[in-house]
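Data first, discussion second: the structure below is written as structure tokens.
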Amino acid sequence: MSIMISENKLNKLCLIYGNQQLLVEETIDSIIEDRLKGCQHEWALERFYADELLKNKVESGKQKIEDLLISCETLPMLTDRKVIRIDNFELVKKPKNNYENNNQNLLYETVYKIIKNPPENMWFVFTSKTIREKDFSNPLFQNIKKTGLVKKFTANEYF
């Protein structure tokens with residue numbers, strides 16, 4: 001007898017990180033699969049890269065923070081749910097001063113709002129290759145830990 005997990009029980013926020021890339025990717029794939037069962041992934045999965053979002057230059061094909069905002073405000077066509085994946089999550093931090101990087105502040109504020117109140121029918125998967133908890137923004141990390149899922153996959157490296 002299989003037990004169905006209701007979609008409401010699936011964590012809306014997941015942070016998967018570490019230097020064990022294969023385990024990280026397998027876990028992410030499994031999380032996305034659980035949330036998008038029966039959906040066309042091409043319609044229901046969007047992927048953003050924090051390093052791209054933080055670039056100041058406007059180039060065609062580059063991701064912009066506005067794209068992330070629009071993505072969080074609209075459900076995809078042809079499906080009732082969506083997963084948004086943001087890679088290089090350790091780069092999402094509050095700037096030390098407001099003059100430093102406007103994009104950095106905008107990205108941080110956007111992600112902070114998402115984490116505090118995730119949109120209905122949307123799940124968020126944050127990924128990072130970092131191995132230390134302290135590399136993340138503490139307020140973002142603590143909020144995800146409080147209401148979501150945090151998984152770390154690291155191997156000790158000895159030189």
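In the structure tokens, chains take the letters A, B, ... in the order shown, each chain's residues start at 1, and ligands count up from 1 in the order shown.
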Return as a PyMOL selection string the full set of residues in chain A whose backbone-based DSSP assignment is strand (DSSP E).
chain A and resi 13-17+45-49+82-87+122-128+149-152
Please identify all polymer residues within 8 Å of segment 20-35 of chain A, counting only C-alpha atoms, omitting same-chain residues fewer than 6 positions from it, and present them as number ranges by chain.
A: 7, 10, 83, 123, 125, 129, 152-155
Those residues with N, CA and C atoms, as a compact mmCIF listing (two decimals), in the first residue's frame please?
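This is the output file result.txt:
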```txt
# COMPACT_ATOMS: atom_id res chain seq x y z
N GLU A 7 -0.06 17.47 -1.59
CA GLU A 7 0.81 18.56 -2.03
C GLU A 7 1.04 19.58 -0.93
N LEU A 10 4.16 18.82 1.12
CA LEU A 10 5.47 19.01 0.52
C LEU A 10 5.98 20.40 0.87
N VAL A 83 7.41 25.02 -10.04
CA VAL A 83 8.59 25.00 -9.19
C VAL A 83 9.57 26.01 -9.76
N TRP A 123 6.40 26.20 -5.58
CA TRP A 123 7.42 25.64 -4.69
C TRP A 123 8.76 26.20 -5.12
N VAL A 125 13.03 25.83 -4.87
CA VAL A 125 14.19 25.01 -4.57
C VAL A 125 15.42 25.90 -4.74
N LYS A 129 26.64 25.30 -3.99
CA LYS A 129 27.78 24.39 -3.87
C LYS A 129 28.57 24.67 -2.60
N LYS A 152 21.97 19.15 3.54
CA LYS A 152 23.37 19.44 3.25
C LYS A 152 24.07 18.13 2.88
N PHE A 153 24.79 18.16 1.78
CA PHE A 153 25.56 17.00 1.33
C PHE A 153 27.02 17.42 1.16
N THR A 154 27.84 17.08 2.15
CA THR A 154 29.25 17.47 2.05
C THR A 154 30.15 16.28 2.33
N ALA A 155 31.29 16.33 1.72
CA ALA A 155 32.35 15.37 2.01
C ALA A 155 33.52 16.17 2.52
```
Neighbour list for Glu120 of chain A as a list in words, cut-off 12 Å, only C-alpha atoms, skip fewer than 4 positions in-chain
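Listing them by chain and then by number gives Glu7, Asn8, Lys12, Leu13, Cys72, Glu73, Thr74, Leu75, Asp80, Arg81, Lys82, Val83, Ile114 and Phe124 of chain A.
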As JSON, numbers by chain, list the residues of chain A assigned to helix (DSSP H, G or I) by DSSP on the backbone atoms of this structure.
{"A": [7, 8, 9, 21, 22, 23, 24, 25, 26, 27, 28, 29, 30, 31, 32, 33, 34, 35, 41, 42, 43, 44, 50, 51, 52, 53, 65, 66, 67, 68, 69, 70, 71, 72, 73, 89, 90, 91, 102, 103, 104, 105, 106, 107, 108, 109, 110, 111, 112, 113, 114, 115, 116, 133, 134, 135, 138, 139, 140, 141, 142, 143, 144, 145, 146, 147]}
Counting only C-alpha atoms, figure out which residue out of A:Ile70, A:Leu15, A:Leu91, A:Leu78 gets nearest to Trp43 of chain A.
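Nearest candidate to Trp43 of chain A out of A:Ile70, A:Leu15, A:Leu91, A:Leu78: A:Leu78.
Distance annotation: of A:Ile16, A:Leu45, A:Ile144, A:Ile65, the residue with the minimal separation from Thr130 of chain A is A:Ile16; atom set is only C-alpha atoms.
Atom to atom, atom CA of Asp51 of chain A and atom CA of Pro118 of chain A stand 22.1 Å apart.
Of the residues listed (A:Val92, A:Ala50, A:Ile131, A:Ile115), A:Ile115 shows the shortest atom-to-atom separation from Thr147 of chain A; distances use only C-alpha atoms.
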Name the residues in contact with Gln104 of chain A at a cut-off of 9 Å, using only C-alpha atoms, excluding same-chain residues fewer than 2 positions from it; report them as a ChimeraX atom specification.
/A:53-55,91-95,100-102,106-109
Atom CA of Asn121 of chain A and atom CA of Leu140 of chain A are how many Å apart?
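Those two atoms sit 20.8 Å apart.
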May I ask which of the residues A:Cys39, A:Ala44, A:Met122, A:Cys14 is the closest one to Asn143 of chain A, counting only C-alpha atoms?
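Closest to Asn143 of chain A, using only C-alpha atoms: A:Cys14.
The smallest atom-to-atom distance between Ser128 of chain A and any of A:Ser71, A:Glu66, A:Ile86, A:Asn11, using only C-alpha atoms, is found for A:Ile86.
Restricting the calculation to only C-alpha atoms, the smallest distance between Pro139 of chain A and any of A:Phe126, A:Tyr112, A:Tyr17, A:Tyr49 is found for A:Tyr112.
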